[in-house]
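File shown: model13.txt. Contents: compact mmCIF, C-alpha atoms.
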```txt
# COMPACT_ATOMS: atom_id res chain seq x y z
CA SER A 1 116.30 113.91 34.61
CA CYS A 2 116.46 117.48 33.27
CA TYR A 3 119.64 119.56 33.75
CA THR A 4 121.55 116.60 35.17
CA THR A 5 125.19 115.55 35.07
CA ASP A 6 125.25 111.74 35.05
CA LEU A 7 128.40 110.29 36.66
CA ARG A 8 129.42 106.84 35.52
CA GLN A 9 132.83 106.79 37.21
CA SER A 10 134.46 108.52 40.17
CA PHE A 11 134.44 112.31 40.65
CA THR A 12 137.19 113.54 43.01
CA ASN A 13 136.69 117.15 44.11
CA SER A 14 139.43 119.10 45.90
CA GLY A 15 138.24 122.40 44.46
CA SER A 16 134.67 123.73 44.30
CA ILE A 17 131.40 122.35 42.95
CA VAL A 18 129.05 125.33 42.59
CA PHE A 19 125.27 125.39 42.19
CA PRO A 20 124.31 129.01 41.35
CA ASP A 21 120.55 128.33 41.10
CA ASP A 22 117.94 125.55 41.55
CA THR A 23 118.23 123.89 38.14
CA GLY A 24 121.37 121.71 38.25
CA HIS A 25 121.56 118.13 39.55
CA ILE A 26 124.21 115.42 39.74
CA SER A 27 123.07 111.86 39.14
CA TYR A 28 124.99 108.59 38.76
CA SER A 29 125.00 105.11 37.31
CA ASN A 30 127.40 102.17 37.57
CA SER A 31 130.29 103.24 39.85
CA GLY A 32 129.63 106.97 39.74
CA ALA A 33 130.33 108.65 43.10
CA ILE A 34 131.75 111.90 44.52
CA LEU A 35 134.77 112.09 46.83
CA ASN A 36 134.72 115.63 48.20
CA THR A 37 137.72 117.02 50.06
CA GLY A 38 137.04 120.54 48.84
CA LEU A 39 133.88 122.64 48.79
CA ILE A 40 130.35 121.97 47.56
CA THR A 41 128.42 125.23 47.56
CA LYS A 42 125.02 126.67 46.70
CA THR A 43 125.51 130.36 45.99
CA GLY A 44 121.98 131.41 45.05
CA THR A 45 118.67 131.46 46.89
CA SER A 46 116.13 128.69 46.32
CA THR A 47 112.74 129.57 44.91
CA SER A 48 111.30 126.06 44.64
CA GLY A 49 111.40 124.86 48.25
CA SER A 50 112.59 121.27 48.64
CA ASN A 51 112.47 120.78 44.83
CA THR A 52 115.95 122.20 44.41
CA ASN A 53 119.44 121.02 43.42
CA THR A 54 119.95 117.38 44.32
CA ILE A 55 123.10 115.29 44.45
CA TYR A 56 121.88 111.75 43.79
CA ALA A 57 125.40 110.33 43.58
CA PRO A 58 126.84 108.77 46.77
CA THR A 59 129.04 111.46 48.34
CA SER A 60 131.92 110.99 50.77
CA GLY A 61 134.97 112.89 52.03
CA SER A 62 135.85 115.50 54.64
CA GLY A 63 134.95 118.54 52.58
CA THR A 64 132.64 121.42 53.48
CA PHE A 65 129.12 122.27 52.34
CA THR A 66 128.42 126.02 52.16
CA ILE A 67 124.81 126.94 51.46
CA ALA A 68 124.00 130.63 51.04
CA SER A 69 121.28 132.20 53.15
CA GLY A 70 117.95 131.38 51.52
CA GLY A 71 119.49 128.55 49.52
CA ARG A 72 118.97 124.78 49.70
CA LEU A 73 120.86 121.73 48.43
CA ASN A 74 119.70 118.12 48.82
CA LEU A 75 121.85 115.02 49.36
CA ASN A 76 119.89 112.01 48.12
CA GLY A 77 122.65 109.46 47.53
CA ALA A 78 122.08 106.09 49.17
CA GLY A 79 125.09 105.09 51.23
CA SER A 80 126.71 108.52 51.38
CA SER A 81 129.29 108.84 54.15
CA ILE A 82 131.35 111.74 55.40
CA ASP A 83 134.56 110.19 56.75
CA PRO A 84 133.00 107.84 59.32
CA ALA A 85 136.47 106.56 60.28
CA GLY A 86 137.09 109.43 62.71
CA LYS A 87 138.64 112.06 60.44
CA PRO A 88 137.28 115.63 60.24
CA ALA A 89 133.66 115.18 59.35
CA LEU A 90 130.69 116.96 57.89
CA THR A 91 130.70 120.75 58.10
CA VAL A 92 127.63 122.68 56.95
CA GLN A 93 127.79 126.48 56.98
CA GLY A 94 126.59 129.60 55.19
CA GLY A 95 123.08 130.23 56.53
CA GLY A 96 121.16 127.98 54.12
CA THR A 97 119.78 124.41 54.26
CA LEU A 98 121.39 121.08 53.43
CA GLY A 99 118.63 118.49 53.09
CA VAL A 100 119.37 114.83 53.82
CA THR A 101 116.75 113.14 51.65
CA GLY A 102 118.64 109.86 51.17
CA SER A 103 120.98 108.22 53.69
CA LEU A 104 124.08 109.88 55.14
CA ARG A 105 126.65 108.58 57.61
CA VAL A 106 128.82 111.10 59.46
CA GLY A 107 131.94 110.62 61.58
CA ALA A 108 133.59 112.64 64.34
CA ASN A 109 132.80 116.24 65.21
CA ALA A 110 130.19 116.93 62.54
CA GLU A 111 128.97 120.53 62.76
CA VAL A 112 126.10 122.61 61.44
CA THR A 113 127.40 126.10 62.08
CA GLY A 114 126.29 129.70 61.59
CA THR A 115 123.07 131.64 62.02
CA ASP A 116 120.14 129.95 60.24
CA THR A 117 122.36 127.20 58.79
CA THR A 118 120.15 124.09 58.85
CA LEU A 119 120.64 120.36 58.35
CA GLU A 120 117.14 119.07 57.52
CA ILE A 121 116.58 115.31 57.77
CA THR A 122 113.75 113.66 55.87
CA GLY A 123 115.84 110.57 55.10
CA THR A 124 118.29 108.83 57.45
CA LEU A 125 121.29 110.31 59.27
CA GLN A 126 123.66 107.83 60.95
CA VAL A 127 125.95 109.48 63.52
CA ASP A 128 129.11 107.52 64.36
CA THR A 129 130.60 109.85 66.98
CA SER A 130 128.82 113.19 67.35
CA ILE A 131 126.96 115.97 65.58
CA SER A 132 126.25 119.46 66.92
CA PRO A 133 124.51 122.62 65.72
CA THR A 134 126.85 125.49 66.71
CA SER A 135 126.96 129.29 66.44
CA ASN A 136 123.15 129.48 66.08
CA GLY A 137 122.99 126.59 63.63
CA ARG A 138 120.05 124.18 63.58
CA ILE A 139 119.28 120.49 63.06
CA HIS A 140 115.71 119.96 61.85
CA LEU A 141 114.19 116.46 61.95
CA ALA A 142 111.33 116.55 59.44
CA GLY A 143 109.93 113.03 59.38
CA GLY A 144 113.27 111.27 59.00
CA THR A 145 115.49 109.21 61.31
CA ILE A 146 118.65 109.95 63.30
CA THR A 147 120.41 106.78 64.39
CA GLY A 148 123.86 105.44 65.26
CA ASP A 149 126.26 105.13 68.20
CA GLY A 150 127.14 108.82 68.24
CA ASN A 151 125.69 111.62 70.33
CA VAL A 152 123.44 114.41 69.14
CA ASN A 153 124.68 117.39 71.16
CA VAL A 154 122.80 120.68 71.27
CA PRO A 155 125.11 123.29 72.85
CA SER A 156 124.16 126.72 74.20
CA SER A 157 124.50 128.20 70.73
CA GLY A 158 122.46 125.52 68.94
CA THR A 159 118.89 124.42 68.26
CA LEU A 160 117.16 121.15 67.52
CA THR A 161 113.73 121.42 65.93
CA VAL A 162 111.44 118.46 65.29
CA SER A 163 108.31 118.32 63.18
CA GLY A 164 108.23 114.52 63.39
CA GLY A 165 110.40 111.44 63.05
CA THR A 166 112.61 109.12 65.09
CA VAL A 167 115.82 109.41 67.10
CA SER A 168 117.29 106.00 67.93
CA GLY A 169 120.63 104.24 68.44
CA THR A 170 122.98 103.84 71.40
CA GLY A 171 124.12 107.45 71.67
CA THR A 172 122.48 110.19 73.72
CA LEU A 173 120.41 113.22 72.83
CA ALA A 174 121.92 115.96 75.01
CA ILE A 175 120.66 119.55 75.27
CA ALA A 176 123.17 121.69 77.16
CA SER A 177 122.37 124.69 79.32
CA GLY A 178 121.30 127.45 76.95
CA GLY A 179 120.50 124.99 74.16
CA HIS A 180 117.00 124.62 72.74
CA ALA A 181 114.92 121.68 71.53
CA THR A 182 111.59 122.74 70.02
CA ILE A 183 109.22 119.87 69.33
CA ALA A 184 106.54 121.39 67.07
CA LEU A 185 104.90 118.32 65.56
CA THR A 186 103.03 118.35 62.27
CA PRO A 187 100.99 115.29 61.17
CA THR A 188 101.24 116.19 57.49
CA ILE A 189 104.96 115.37 57.44
CA ALA A 190 105.56 113.50 60.70
CA LEU A 191 105.47 109.78 61.18
CA ARG A 192 102.58 108.01 62.90
CA GLN A 193 100.11 110.91 63.10
CA GLY A 194 102.68 113.34 64.44
CA TRP A 195 104.76 111.25 66.81
CA PHE A 196 108.34 112.03 67.73
CA THR A 197 109.78 108.65 68.73
CA VAL A 198 112.81 108.88 71.05
CA ASP A 199 114.60 105.55 71.48
CA ARG A 200 117.82 106.77 73.09
CA PRO A 201 118.55 108.44 76.46
CA VAL A 202 117.83 112.16 76.69
CA THR A 203 119.56 114.65 79.00
CA ASN A 204 118.12 118.14 79.03
CA ALA A 205 119.90 120.98 80.80
CA GLY A 206 118.49 123.58 78.43
CA THR A 207 114.93 124.22 77.24
CA TRP A 208 112.69 121.51 75.75
CA THR A 209 109.48 122.99 74.32
CA GLN A 210 106.64 120.56 73.56
CA THR A 211 103.95 121.88 71.23
CA THR A 212 102.55 121.47 67.71
CA ASP A 213 102.92 123.33 64.47
CA ALA A 214 100.43 126.21 64.29
CA THR A 215 98.64 124.70 61.28
CA ALA A 216 98.08 121.42 63.16
CA LYS A 217 96.58 122.86 66.35
CA PRO A 218 92.94 123.01 65.16
CA ASN A 219 93.02 119.31 64.20
CA CYS A 220 94.71 117.90 67.28
CA PRO A 221 92.62 116.68 70.24
CA THR A 222 93.90 118.49 73.31
CA ASN A 223 93.69 115.28 75.34
CA GLY A 224 96.08 113.44 73.00
CA GLY A 225 93.31 111.38 71.46
CA ALA A 226 94.10 109.20 68.44
CA SER A 227 97.74 109.19 69.55
CA CYS A 228 98.08 112.65 68.06
CA LEU A 229 101.19 114.79 68.28
CA GLN A 230 103.17 113.11 71.04
CA THR A 231 106.77 112.66 72.02
CA LEU A 232 107.04 108.93 72.70
CA LEU A 233 109.84 107.95 75.11
CA TYR A 234 111.39 104.48 74.95
CA GLN A 235 114.30 105.31 77.27
CA SER A 236 115.10 107.67 80.14
CA PHE A 237 114.68 111.44 79.98
CA THR A 238 116.74 113.28 82.61
CA ASN A 239 115.68 116.91 82.97
CA SER A 240 117.77 119.41 84.92
CA GLY A 241 116.67 122.30 82.73
CA SER A 242 113.14 123.22 81.62
CA ILE A 243 110.38 121.29 79.88
CA VAL A 244 107.88 123.85 78.62
CA PHE A 245 104.29 123.36 77.47
CA PRO A 246 103.18 126.67 75.89
CA ASP A 247 99.65 125.47 75.02
CA ASP A 248 97.29 122.49 75.36
CA THR A 249 98.43 120.47 72.33
CA GLY A 250 101.79 118.93 73.25
CA HIS A 251 102.08 115.58 75.04
CA ILE A 252 104.89 113.32 76.31
CA ASN A 253 104.10 109.63 76.51
CA SER A 254 105.97 106.41 77.33
CA SER A 255 106.05 103.22 75.31
CA SER A 256 107.95 100.96 77.70
CA ASN A 257 109.02 100.53 81.30
CA SER A 258 112.25 102.40 80.51
CA GLY A 259 110.53 105.47 79.13
CA ALA A 260 110.38 107.78 82.14
CA ILE A 261 111.28 111.33 83.17
CA LEU A 262 113.63 112.10 86.06
CA ASN A 263 112.99 115.77 86.81
CA THR A 264 115.42 117.76 88.94
CA GLY A 265 114.70 120.95 87.02
CA LEU A 266 111.47 122.65 85.97
CA ILE A 267 108.37 121.42 84.13
CA THR A 268 106.17 124.37 83.29
CA LYS A 269 102.93 125.25 81.51
CA THR A 270 103.27 128.84 80.32
CA GLY A 271 99.98 129.30 78.47
CA THR A 272 96.36 129.27 79.55
CA SER A 273 94.23 126.17 78.98
CA THR A 274 91.26 126.57 76.67
CA SER A 275 89.90 123.03 76.84
```
Represent the structure contained in this file as structure tokens.
Amino acid sequence: SCYTTDLRQSFTNSGSIVFPDDTGHISYSNSGAILNTGLITKTGTSTSGSNTNTIYAPTSGSGTFTIASGGRLNLNGAGSSIDPAGKPALTVQGGGTLGVTGSLRVGANAEVTGTDTTLEITGTLQVDTSISPTSNGRIHLAGGTITGDGNVNVPSSGTLTVSGGTVSGTGTLAIASGGHATIALTPTIALRQGWFTVDRPVTNAGTWTQTTDATAKPNCPTNGGASCLQTLLYQSFTNSGSIVFPDDTGHINSSSNSGAILNTGLITKTGTSTS
């Protein structure tokens, strides 16, 4: 609880909330919550990894998060929502990382925009309408869950990276031509020994790369033994782009009759097999 502002009533921000380093946090009790229609920004770099500034208070509003390159800010408030009623929604920019460590609900046209700007999900992200990484932005699923009725769209200028976790809900996961999804699973942070569980339809017109994190490769059976490091499909996967296996360690499995790949594009193994 060190270096913490404790909110006990509402905090309405139409200006700027600034975190210049890693040491400040905003907590809450009773009815404490943040309504942000302005700017929440991290101006300095982070030197303590994920142990950085954290907003524990539930946060809502249509404001913008700007995280400087090399910086990180965590949202850990249970029940946070960024205008899920269809107004302008979450915008993350600046080249740094906004970590969703609690639960966050986002509305229409949510964007993670700008080179190296990252939305990292270790908690739960509920998408009501859509979310997209644009202008070389990135969504990183790191053992958390993406759910909801909305679509996760990866355009030609965006990237989805997955080290583990679950994508579910009634929306689609759509990788456009020129977009990239890199599934580099890591059992130390992923769920169920490194599984990526996909329980929503996938359409891939870009590049889907199935592999493992470099540190996990020596410990992963190349035949997928012990259910290690797999993408597990519960619904259809329509591929008109490329599915790429760069080494022996990535696997795609099915958990139900609906989990199947329709391939009208290219499935390729680019590396040599050593096993």
Smallest atom-to-atom distance to Ile139 (chain A): which of A:Glu111, A:Glu120, A:Asp6, A:Asp247, using all atoms listed in the file?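 Of all the options, A:Glu120 lies closest to Ile139 (chain A).
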CA of Gly137 (chain A) to CA of Val92 (chain A), distance in Å rounded to a single decimal: 9.0 Å
d(CA of Thr182 (chain A), CA of Ser135 (chain A)) in Å: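 Interatomic distance, CA of Thr182 (chain A) to CA of Ser135 (chain A): 17.1 Å.
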Using all atoms listed in the file, which residues sit within 10 Å of Thr264 (chain A) once same-chain residues fewer than 2 positions away are excluded, as a VMD selection string? chain A and resid 205 238 to 242 261 to 262 266 to 267
Which residues are near Val18 (chain A)? Cut-off 8 Å, all atoms listed in the file, ignore same chain within fewer than 2 positions. Put them as an MDAnalysis selection string. chainID A and resid 16 20 40:43
Can you spit out the residues from that selection as a compact mmCIF listing (two decimals), keeping the file's coordinate frame, using C-alpha atoms?
```txt
# COMPACT_ATOMS: atom_id res chain seq x y z
CA SER A 16 134.67 123.73 44.30
CA PRO A 20 124.31 129.01 41.35
CA ILE A 40 130.35 121.97 47.56
CA THR A 41 128.42 125.23 47.56
CA LYS A 42 125.02 126.67 46.70
CA THR A 43 125.51 130.36 45.99
```
Quote the spacing between CA of Gly70 (chain A) and CA of Ser163 (chain A) in Å to one decimal place. 20.0 Å
Please determine, counting only C-alpha atoms, which residue among A:Ser81, A:Ser10, A:Thr211, A:Thr52 has the shortest atom-to-atom distance to Asn30 (chain A).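 Using only C-alpha atoms, Asn30 (chain A) sits closest to A:Ser10.
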Which residues, written as a list in words, have at least one atom at most 7 Å from Ala57 (chain A), with only C-alpha atoms counted and residues fewer than 2 positions away on the same chain left out?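 Using only C-alpha atoms, the neighbours found are Ile26, Ser27, Tyr28, Gly32, Ala33, Ile34, Ile55, Thr59 and Gly77 of chain A.
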Nearest to Asn153 (chain A) by atom-to-atom distance, counting all atoms listed in the file, from A:Gln235, A:Gly271, A:Asn109, A:Leu125: A:Asn109
Pick the closest to Pro58 (chain A) from A:Phe245, A:Phe11, A:Tyr234, A:Phe19: which is it, counting only C-alpha atoms? A:Phe11
Neighbour list for Thr91 (chain A) as an mmCIF file with C-alpha atoms, in the frame of the given file, cut-off 8 Å, all atoms listed in the file, skip fewer than 2 positions in-chain:
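As a result, result-v5.cif now contains:
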```
data_model
loop_
_atom_site.group_PDB
_atom_site.id
_atom_site.type_symbol
_atom_site.label_atom_id
_atom_site.label_comp_id
_atom_site.auth_asym_id
_atom_site.auth_seq_id
_atom_site.Cartn_x
_atom_site.Cartn_y
_atom_site.Cartn_z
ATOM 1 C CA GLY A 63 134.950 118.540 52.580
ATOM 2 C CA THR A 64 132.640 121.420 53.480
ATOM 3 C CA PHE A 65 129.120 122.270 52.340
ATOM 4 C CA ALA A 89 133.660 115.180 59.350
ATOM 5 C CA GLN A 93 127.790 126.480 56.980
ATOM 6 C CA ALA A 110 130.190 116.930 62.540
ATOM 7 C CA GLU A 111 128.970 120.530 62.760
ATOM 8 C CA VAL A 112 126.100 122.610 61.440
ATOM 9 C CA THR A 113 127.400 126.100 62.080
#
```
Just checking: using only C-alpha atoms, which residue out of A:Ala260, A:Ile82, A:Leu35, A:Ile183 ends up closest to Thr203 (chain A)? A:Ala260
For the point (119.2, 122.1, 73.2) in the file's frame, write as a PyMOL selection string all residues with an atom no more than 8 Å away, counting all atoms listed in the file. chain A and resi 153-156+158-160+174-181+204-208
Show which residues sit within 7 Å of Asn253 (chain A), as a list in words. Count all atoms listed in the file, and ignore same-chain residues fewer than 3 positions away.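 After dropping sequence-adjacent residues, the list is Gln230, Thr231, Leu232 and Leu233 of chain A.
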